[in-house]
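First the structure, in the form of structure tokens, and then the observations on it.
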Amino acid sequence: MELLDQSLLKPGGLLLDEGEAKSLFEMLVNIDCFVVVKILLLLPYDAPRLQCLQEAELVLKERGVPSNHIVHEYELLTVVLSAEVMQIVIFNPAFGTVFSYMCYLVGHLARVCQEELLKHRDGKGGSPDWCWSLLFGTLLLPCFIAELVLAKQCILAGFIVSRWMHTHPSLGLIDTVQASLHKYLEGQLLRVSDPMNGDLGASCNLHGALSRLSSKLNNLLQSALSDLKPST
């Protein structure tokens, strides 16, 4: 998977053609569906991408949420966002369980990230996955929120932002949520000059996918802000 990811940084650097991608799907899908999802979403072929998302939908319905190491969860979110398939997942009812899982994943990773930040602030050090926690707050979460806004899922996006910013439940009104969402997106846009925190992204897996995601963050945030009504 890392070789495929590194090929994203090179023009014309694809390691597998579409036929080989389909063969890889058939070989690995019954071993680990979500590894296949991560691999095939790194490739630009629509048919294998849809096929692996369909398989993920079936697996989630039959087996529920998988128990993965936290790094695998960060990687899955990164690949889904960088592959630009979130709008397909959100709008296509055939992927409703996948969408629910992505929302669950973001909520889970947000909690993990904030726990890591608190440990670091209190001088207790961070886990070996500290780089992912930082990238979640500066890159992955803003991209996910922007994708929700562009898909007209503003209430859901605002709810996630309110939880991230620890807004009091009594303020969870639609107007307040939208104002918080607008403020969050504006704040992220101001900090978008270096969402990968210098060389931090290089210390994580999937540097190619992270770089691609970082390069489109500014446009994503601007598009999301233009879709929101100005806060009053």
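Each chain in the structure tokens gets a letter, A, B, ..., in the order shown, and its residues are numbered from 1; ligands are numbered from 1 in order too.
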
Please tabulate, as CSV, the residues of segment 82-195 of chain A that come within 12 Å of segment 40-45 of chain A, each with its closest pair of atoms and the distance in Å to one decimal, counting only C-alpha atoms and ordering rows by chain, then residue number upward.
residue,atom,partner,partner_atom,distance
A:Ser82,CA,A:Leu42,CA,8.2
A:Ala83,CA,A:Leu41,CA,5.8
A:Glu84,CA,A:Leu41,CA,9.1
A:Val85,CA,A:Leu41,CA,8.6
A:Met86,CA,A:Leu41,CA,11.4

Write down as a PyMOL selection string the residues belonging to chain A that are assigned alpha helix (DSSP H) by DSSP computed on the backbone. chain A and resi 2-7+18-28+33-41+46-63+70-82+86-91+96-121+130-135+141-150+154-164+174-190+207-227

Using only C-alpha atoms, which protein or nucleic acid residues come within 7 Å of segment 114-117 of chain A? Drop anything in the same chain fewer than 3 positions from it, and give the result as a PyMOL selection string. chain A and resi 110-111+120-121+126+130+133

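Of the residues under consideration (A:Glu20, A:Asp32, A:Glu26, A:Asp227), A:Asp227 shows the shortest atom-to-atom contact distance to Glu147 of chain A when counting only C-alpha atoms.
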
Extract, using only C-alpha atoms, all DNA, RNA and protein residues at most 12 Å from Asn218 of chain A, discarding same-chain residues fewer than 4 positions from it, and format them as a PyMOL selection string. chain A and resi 138-139+142-143+146+185-195+212-214+222-225

Write out as a PyMOL selection string each polymer residue whose atoms come within 10 Å of Leu58 of chain A, counting only C-alpha atoms; drop sequence neighbours fewer than 5 positions from it. chain A and resi 33+52-53+63-64+94-95+97-98

Write the residues you've just listed into a file as an mmCIF file, in the first residue's frame, and include C-alpha atoms for each of them.
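What ended up in again.cif:
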data_model
loop_
_atom_site.group_PDB
_atom_site.id
_atom_site.type_symbol
_atom_site.label_atom_id
_atom_site.label_comp_id
_atom_site.auth_asym_id
_atom_site.auth_seq_id
_atom_site.Cartn_x
_atom_site.Cartn_y
_atom_site.Cartn_z
ATOM 1 C CA CYS A 33 -12.201 -5.880 3.086
ATOM 2 C CA CYS A 52 -14.873 -2.147 -2.899
ATOM 3 C CA LEU A 53 -17.349 0.360 -1.427
ATOM 4 C CA ARG A 63 -20.457 -7.777 10.932
ATOM 5 C CA GLY A 64 -20.794 -4.262 12.294
ATOM 6 C CA ALA A 94 -26.632 2.151 -1.367
ATOM 7 C CA PHE A 95 -23.705 3.329 0.785
ATOM 8 C CA THR A 97 -23.947 2.168 6.216
ATOM 9 C CA VAL A 98 -20.539 3.231 4.911
#

All residues 10 Å or closer to Pro48 of chain A, only C-alpha atoms, same chain fewer than 5 positions away omitted, as a count of residues only: 14
